[in-house]
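First the structure, in the form of structure tokens, and then the observations on it.
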Amino acid sequence: MRRVRAEILSVRRHGAYHTVTVVAPEVAERARPGQFVAVAPPPGGAALLRRHFFVHRASRRGGWAGTLGFAFDVRGTGTAWLAEARAHSTLDLIGPLGTGFAYPRRLSNCLLVGEGHGVAPLHFLAEELRARGKRVDMLVGADGIEAVFEPIEGKRLATNIAILTEDGSMGERGRVTDLLPEAIERWGTEVVYVAAPEPTLRRAAEVCRELRVPAQVAVEGPMACGVGLCFTCVVPVLRRDGTGYDNLRACVEGPVFNARRISWDLWPRPRASAGGG
């Protein structure tokens with residue numbers, strides 16, 4: 001990981017979300033889908049802890065080489081200031097952090113399932129999978145049309161895509177897990193990747209277990225340090241020998257985990273807030 005002063009190229013509004021693009025070649029060159037960055041708030045403000053965001057894009061070639069993007073929705077003072085940031089100012093940024101998604105060696109048909117801003121790291125994953133000759137299909141979910149993350153970009157990246165909103169304002173009415181079993185069968189899915197809130201991760205893991213399809217999940221949850229020191233983000237992961245479980249840190253051993261190995265009955269546990277949005 002690297003700590004850098006990253007120049008902001010742009011801050012853009014996309015419905016309910018904002019995307020930030022920065023110049024950070026030291027981070028962009030090393031970033032993998034599923035990893036995240038930690039951004040420090042301005043000194044002297046109400047927010048004290050770094051805010052953690054999945055990497056949305058990392059460009060290593062072409063005119064955008066050395067740039068990095070991440071997405072967020074405004075949830076409090078910790079992200080409100082970032083939404084007001086301007087081009088050519090700088091961010092104190094650490095990254096890439098965490099363990100990202102693993103690419104399948106032999107399997108080719110990949111289904112990416114995301115809800116809300118969880119779709120952001122899946123766009124980065126889709127680009128990397130396509131570059132490796134894999135087929136990418138997508139299930140994208142949100143509360144309503146404003147919360148559907150970059151649907152046009154999703155359609156560009158995916159061979160097949162279905163959009164679901166709980167209020168029916170875009171695509172089908174429902175949640176992504178409602179359509180997941182049918183999509184796996186219809187599209188011949190061989191491996192599933194999920195980035196979403198815990199209830200969706202849990203249900204997707206159940207579906208993939210029932211259908212015997214391997215799945216990786218990127219967990220969301222409060223983080224304080226982001227580098228493995230405070231243990232506020234632990235996830236109970238079953239040991240391979242079946243003797244119990246270990247509390248693994250989402251910021252170091254995760255945030256991506258094998259869905260079958262998470263002890264869903266024990267996670268998430270009540271834990272302290274990481275300091276707001």
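A note on labels: chains of the structure tokens are A, B, ... as shown, every chain counts residues from 1, and ligands are counted from 1 in their shown order.
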
Identify, on the basis of only C-alpha atoms, every residue whose closest approach to Ala58 (chain A) does not exceed 9 Å; exclude the query and any residue fewer than 2 positions from it along the same chain; express the result as a PyMOL selection string.
chain A and resi 25+27-33+55-56+60+64-69+124

What's around Glu182 (chain A) at 12 Å? Count only C-alpha atoms, leave out sequence neighbours fewer than 2 positions away in its own chain, and write the answer as a PDB file with N, CA and C atoms, in the first residue's frame.
ATOM      1  N   LEU A 111     -21.121 -14.182 -13.133  1.00  0.00           N
ATOM      2  CA  LEU A 111     -22.282 -13.358 -12.818  1.00  0.00           C
ATOM      3  C   LEU A 111     -21.927 -12.413 -11.680  1.00  0.00           C
ATOM      4  N   LEU A 139     -26.458  -8.651 -12.418  1.00  0.00           N
ATOM      5  CA  LEU A 139     -27.718  -8.318 -11.760  1.00  0.00           C
ATOM      6  C   LEU A 139     -27.461  -7.071 -10.925  1.00  0.00           C
ATOM      7  N   ALA A 162     -29.665  -7.528 -15.905  1.00  0.00           N
ATOM      8  CA  ALA A 162     -31.021  -7.298 -15.414  1.00  0.00           C
ATOM      9  C   ALA A 162     -30.940  -6.288 -14.283  1.00  0.00           C
ATOM     10  N   VAL A 176     -32.309  -8.205  -6.220  1.00  0.00           N
ATOM     11  CA  VAL A 176     -31.462  -9.033  -7.074  1.00  0.00           C
ATOM     12  C   VAL A 176     -31.523 -10.509  -6.679  1.00  0.00           C
ATOM     13  N   THR A 177     -31.676 -10.785  -5.398  1.00  0.00           N
ATOM     14  CA  THR A 177     -31.713 -12.182  -4.968  1.00  0.00           C
ATOM     15  C   THR A 177     -32.994 -12.885  -5.406  1.00  0.00           C
ATOM     16  N   ASP A 178     -34.050 -12.110  -5.726  1.00  0.00           N
ATOM     17  CA  ASP A 178     -35.276 -12.723  -6.247  1.00  0.00           C
ATOM     18  C   ASP A 178     -35.015 -13.394  -7.595  1.00  0.00           C
ATOM     19  N   LEU A 179     -34.165 -12.775  -8.393  1.00  0.00           N
ATOM     20  CA  LEU A 179     -33.907 -13.261  -9.750  1.00  0.00           C
ATOM     21  C   LEU A 179     -32.656 -14.119  -9.844  1.00  0.00           C
ATOM     22  N   LEU A 180     -31.868 -14.170  -8.779  1.00  0.00           N
ATOM     23  CA  LEU A 180     -30.575 -14.844  -8.837  1.00  0.00           C
ATOM     24  C   LEU A 180     -30.662 -16.304  -9.265  1.00  0.00           C
ATOM     25  N   ILE A 184     -28.828 -17.589 -12.792  1.00  0.00           N
ATOM     26  CA  ILE A 184     -27.761 -18.597 -12.814  1.00  0.00           C
ATOM     27  C   ILE A 184     -28.092 -19.701 -13.806  1.00  0.00           C
ATOM     28  N   GLU A 185     -29.331 -20.144 -13.804  1.00  0.00           N
ATOM     29  CA  GLU A 185     -29.728 -21.222 -14.713  1.00  0.00           C
ATOM     30  C   GLU A 185     -29.799 -20.743 -16.153  1.00  0.00           C
ATOM     31  N   ARG A 186     -30.408 -19.578 -16.362  1.00  0.00           N
ATOM     32  CA  ARG A 186     -30.620 -19.075 -17.717  1.00  0.00           C
ATOM     33  C   ARG A 186     -29.310 -18.733 -18.410  1.00  0.00           C
ATOM     34  N   TRP A 187     -28.366 -18.156 -17.658  1.00  0.00           N
ATOM     35  CA  TRP A 187     -27.121 -17.684 -18.271  1.00  0.00           C
ATOM     36  C   TRP A 187     -25.969 -18.666 -18.116  1.00  0.00           C
ATOM     37  N   GLY A 188     -26.229 -19.823 -17.551  1.00  0.00           N
ATOM     38  CA  GLY A 188     -25.167 -20.821 -17.416  1.00  0.00           C
ATOM     39  C   GLY A 188     -24.026 -20.350 -16.542  1.00  0.00           C
ATOM     40  N   THR A 189     -24.351 -19.670 -15.460  1.00  0.00           N
ATOM     41  CA  THR A 189     -23.339 -19.093 -14.575  1.00  0.00           C
ATOM     42  C   THR A 189     -22.469 -20.177 -13.943  1.00  0.00           C
ATOM     43  N   VAL A 207     -28.298 -19.103  -1.938  1.00  0.00           N
ATOM     44  CA  VAL A 207     -28.679 -19.549  -3.284  1.00  0.00           C
ATOM     45  C   VAL A 207     -27.521 -20.274  -3.952  1.00  0.00           C
ATOM     46  N   CYS A 208     -26.330 -19.701  -3.866  1.00  0.00           N
ATOM     47  CA  CYS A 208     -25.176 -20.314  -4.527  1.00  0.00           C
ATOM     48  C   CYS A 208     -24.816 -21.654  -3.887  1.00  0.00           C
ATOM     49  N   LEU A 211     -27.326 -24.210  -5.208  1.00  0.00           N
ATOM     50  CA  LEU A 211     -27.114 -24.541  -6.619  1.00  0.00           C
ATOM     51  C   LEU A 211     -25.684 -25.011  -6.898  1.00  0.00           C
TER      52      LEU A 211
END

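Take the candidates A:Ala131, A:Leu164, A:Ala259, A:Leu266 and check each one against Asn247 (chain A) using only C-alpha atoms; the shortest distance goes to A:Leu266.
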
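CA of Val23 (chain A) to CA of Ile8 (chain A) spans 6.5 Å [interatomic distance, one decimal].
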
From the options A:Arg57, A:His18, A:Arg51, A:Arg86, which residue's atoms come nearest to Gln35 (chain A), counting only C-alpha atoms?
A:Arg57

Identify, with DSSP run on backbone atoms, the residues in region 64-210 of chain A assigned to strand (DSSP E), and express the list as a PyMOL selection string.
chain A and resi 67-72+90-97+109-115+135-142+160-165+172-173+191-195

Selected residues written out, N, CA and C atoms, as a compact mmCIF listing (two decimals), in the first residue's frame:
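And here's result.txt as it stands now:
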# COMPACT_ATOMS: atom_id res chain seq x y z
N THR A 67 -4.67 6.94 -13.13
CA THR A 67 -5.80 7.51 -12.41
C THR A 67 -6.58 6.42 -11.70
N LEU A 68 -7.27 6.85 -10.65
CA LEU A 68 -8.02 5.93 -9.79
C LEU A 68 -9.36 6.58 -9.48
N GLY A 69 -10.42 5.76 -9.45
CA GLY A 69 -11.73 6.29 -9.14
C GLY A 69 -12.40 5.52 -8.03
N PHE A 70 -13.23 6.20 -7.24
CA PHE A 70 -14.06 5.54 -6.24
C PHE A 70 -15.40 6.26 -6.16
N ALA A 71 -16.39 5.57 -5.61
CA ALA A 71 -17.75 6.09 -5.56
C ALA A 71 -18.28 6.04 -4.14
N PHE A 72 -19.24 6.92 -3.85
CA PHE A 72 -19.83 6.95 -2.51
C PHE A 72 -21.16 7.68 -2.56
N THR A 90 -6.28 18.36 -3.44
CA THR A 90 -5.63 17.07 -3.21
C THR A 90 -6.28 16.33 -2.06
N LEU A 91 -6.13 15.01 -2.08
CA LEU A 91 -6.62 14.14 -1.02
C LEU A 91 -5.44 13.37 -0.43
N ASP A 92 -5.48 13.20 0.89
CA ASP A 92 -4.54 12.32 1.58
C ASP A 92 -5.14 10.92 1.50
N LEU A 93 -4.53 10.06 0.69
CA LEU A 93 -5.13 8.77 0.33
C LEU A 93 -4.15 7.62 0.58
N ILE A 94 -4.64 6.54 1.15
CA ILE A 94 -3.85 5.32 1.34
C ILE A 94 -4.50 4.20 0.56
N GLY A 95 -3.69 3.40 -0.14
CA GLY A 95 -4.24 2.27 -0.87
C GLY A 95 -3.19 1.63 -1.76
N PRO A 96 -3.54 0.55 -2.44
CA PRO A 96 -4.79 -0.17 -2.26
C PRO A 96 -4.75 -1.02 -1.00
N LEU A 97 -5.89 -1.17 -0.35
CA LEU A 97 -6.00 -1.90 0.90
C LEU A 97 -6.89 -3.13 0.72
N ASN A 109 -18.01 -18.25 -17.34
CA ASN A 109 -19.27 -17.49 -17.26
C ASN A 109 -19.43 -16.91 -15.86
N CYS A 110 -19.26 -15.60 -15.75
CA CYS A 110 -19.24 -14.93 -14.45
C CYS A 110 -20.48 -14.06 -14.28
N LEU A 111 -21.12 -14.18 -13.13
CA LEU A 111 -22.28 -13.36 -12.82
C LEU A 111 -21.93 -12.41 -11.68
N LEU A 112 -22.06 -11.12 -11.93
CA LEU A 112 -21.75 -10.09 -10.94
C LEU A 112 -23.05 -9.53 -10.39
N VAL A 113 -23.20 -9.58 -9.07
CA VAL A 113 -24.45 -9.19 -8.42
C VAL A 113 -24.16 -8.03 -7.47
N GLY A 114 -24.82 -6.89 -7.67
CA GLY A 114 -24.57 -5.74 -6.83
C GLY A 114 -25.82 -4.97 -6.49
N GLU A 115 -25.81 -4.34 -5.33
CA GLU A 115 -26.88 -3.44 -4.92
C GLU A 115 -26.30 -2.11 -4.49
N ARG A 135 -16.80 -14.22 -19.82
CA ARG A 135 -18.08 -13.59 -20.10
C ARG A 135 -18.63 -13.02 -18.80
N VAL A 136 -19.18 -11.82 -18.89
CA VAL A 136 -19.70 -11.12 -17.72
C VAL A 136 -21.19 -10.87 -17.89
N ASP A 137 -21.98 -11.33 -16.92
CA ASP A 137 -23.39 -10.99 -16.81
C ASP A 137 -23.58 -10.25 -15.49
N MET A 138 -24.66 -9.45 -15.40
CA MET A 138 -24.83 -8.64 -14.20
C MET A 138 -26.29 -8.61 -13.74
N LEU A 139 -26.46 -8.65 -12.42
CA LEU A 139 -27.72 -8.32 -11.76
C LEU A 139 -27.46 -7.07 -10.92
N VAL A 140 -28.22 -6.01 -11.20
CA VAL A 140 -28.02 -4.73 -10.53
C VAL A 140 -29.30 -4.36 -9.80
N GLY A 141 -29.18 -4.04 -8.51
CA GLY A 141 -30.35 -3.70 -7.72
C GLY A 141 -30.21 -2.39 -6.98
N ALA A 142 -31.36 -1.80 -6.61
CA ALA A 142 -31.38 -0.55 -5.86
C ALA A 142 -32.79 -0.32 -5.33
N ASN A 160 -25.21 -9.97 -20.60
CA ASN A 160 -26.61 -9.95 -20.16
C ASN A 160 -26.68 -9.14 -18.88
N ILE A 161 -27.72 -8.32 -18.73
CA ILE A 161 -27.88 -7.54 -17.51
C ILE A 161 -29.36 -7.43 -17.18
N ALA A 162 -29.66 -7.53 -15.91
CA ALA A 162 -31.02 -7.30 -15.41
C ALA A 162 -30.94 -6.29 -14.28
N ILE A 163 -31.81 -5.28 -14.33
CA ILE A 163 -31.87 -4.25 -13.32
C ILE A 163 -33.17 -4.41 -12.54
N LEU A 164 -33.06 -4.39 -11.21
CA LEU A 164 -34.24 -4.53 -10.36
C LEU A 164 -34.27 -3.39 -9.35
N THR A 165 -35.44 -2.80 -9.17
CA THR A 165 -35.62 -1.77 -8.14
C THR A 165 -36.80 -2.17 -7.27
N GLU A 172 -37.13 -4.40 -13.50
CA GLU A 172 -38.15 -5.20 -12.84
C GLU A 172 -38.30 -4.78 -11.38
N ARG A 173 -39.47 -5.05 -10.83
CA ARG A 173 -39.69 -4.78 -9.41
C ARG A 173 -39.17 -5.96 -8.58
N VAL A 191 -19.59 -18.99 -11.86
CA VAL A 191 -19.05 -18.38 -10.64
C VAL A 191 -19.77 -17.06 -10.42
N VAL A 192 -20.04 -16.74 -9.14
CA VAL A 192 -20.80 -15.54 -8.78
C VAL A 192 -19.94 -14.63 -7.91
N TYR A 193 -20.03 -13.34 -8.17
CA TYR A 193 -19.37 -12.32 -7.35
C TYR A 193 -20.46 -11.37 -6.85
N VAL A 194 -20.42 -11.04 -5.56
CA VAL A 194 -21.47 -10.20 -4.97
C VAL A 194 -20.86 -9.08 -4.15
N ALA A 195 -21.39 -7.86 -4.31
CA ALA A 195 -21.03 -6.71 -3.48
C ALA A 195 -22.33 -6.00 -3.14

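Among A:Ala80, A:Ala215, A:Leu238, A:Cys225, the residue with the shortest atom-to-atom distance to Val252 (chain A), counting only C-alpha atoms, is A:Cys225.
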
Please identify all polymer residues within 9 Å of region 100-107 of chain A, counting only C-alpha atoms, omitting same-chain residues fewer than 4 positions from it, and present them as a ChimeraX atom specification.
/A:31-36,125,128-129,132,134,190-191,193,216-218,254-257

Fewer than 4 positions away in the same chain doesn't count, so skip those; otherwise give me all residues within 7 Å of Arg50 (chain A), counting only C-alpha atoms, as a list of chain:residue names.
A:Ala38, A:Val39, A:Ala40, A:Pro41

Restricting it to N, CA and C atoms, dump the selection as a PDB file, in the first residue's frame.
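selection.pdb, freshly written:
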ATOM      1  N   ALA A  38      -8.404   4.452   1.557  1.00  0.00           N
ATOM      2  CA  ALA A  38      -8.764   5.182   2.771  1.00  0.00           C
ATOM      3  C   ALA A  38      -8.425   6.647   2.574  1.00  0.00           C
ATOM      4  N   VAL A  39      -9.429   7.496   2.697  1.00  0.00           N
ATOM      5  CA  VAL A  39      -9.262   8.928   2.436  1.00  0.00           C
ATOM      6  C   VAL A  39      -9.388   9.689   3.743  1.00  0.00           C
ATOM      7  N   ALA A  40      -8.421  10.556   4.022  1.00  0.00           N
ATOM      8  CA  ALA A  40      -8.425  11.344   5.256  1.00  0.00           C
ATOM      9  C   ALA A  40      -9.308  12.576   5.086  1.00  0.00           C
ATOM     10  N   PRO A  41     -10.154  12.875   6.079  1.00  0.00           N
ATOM     11  CA  PRO A  41     -10.937  14.118   6.037  1.00  0.00           C
ATOM     12  C   PRO A  41     -10.027  15.311   6.283  1.00  0.00           C
TER      13      PRO A  41
END

From a DSSP pass on the backbone, collect the residues of region 38-270 of chain A flagged as alpha helix (DSSP H) and hand them back as an MDAnalysis selection string.
chainID A and resid 77:83 119:131 151:157 176:186 198:211

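For the residues A:Leu49, A:Tyr17, A:Val11, A:Ala120, ranking by smallest atom-to-atom distance to Ala85 (chain A) using only C-alpha atoms places A:Val11 first.
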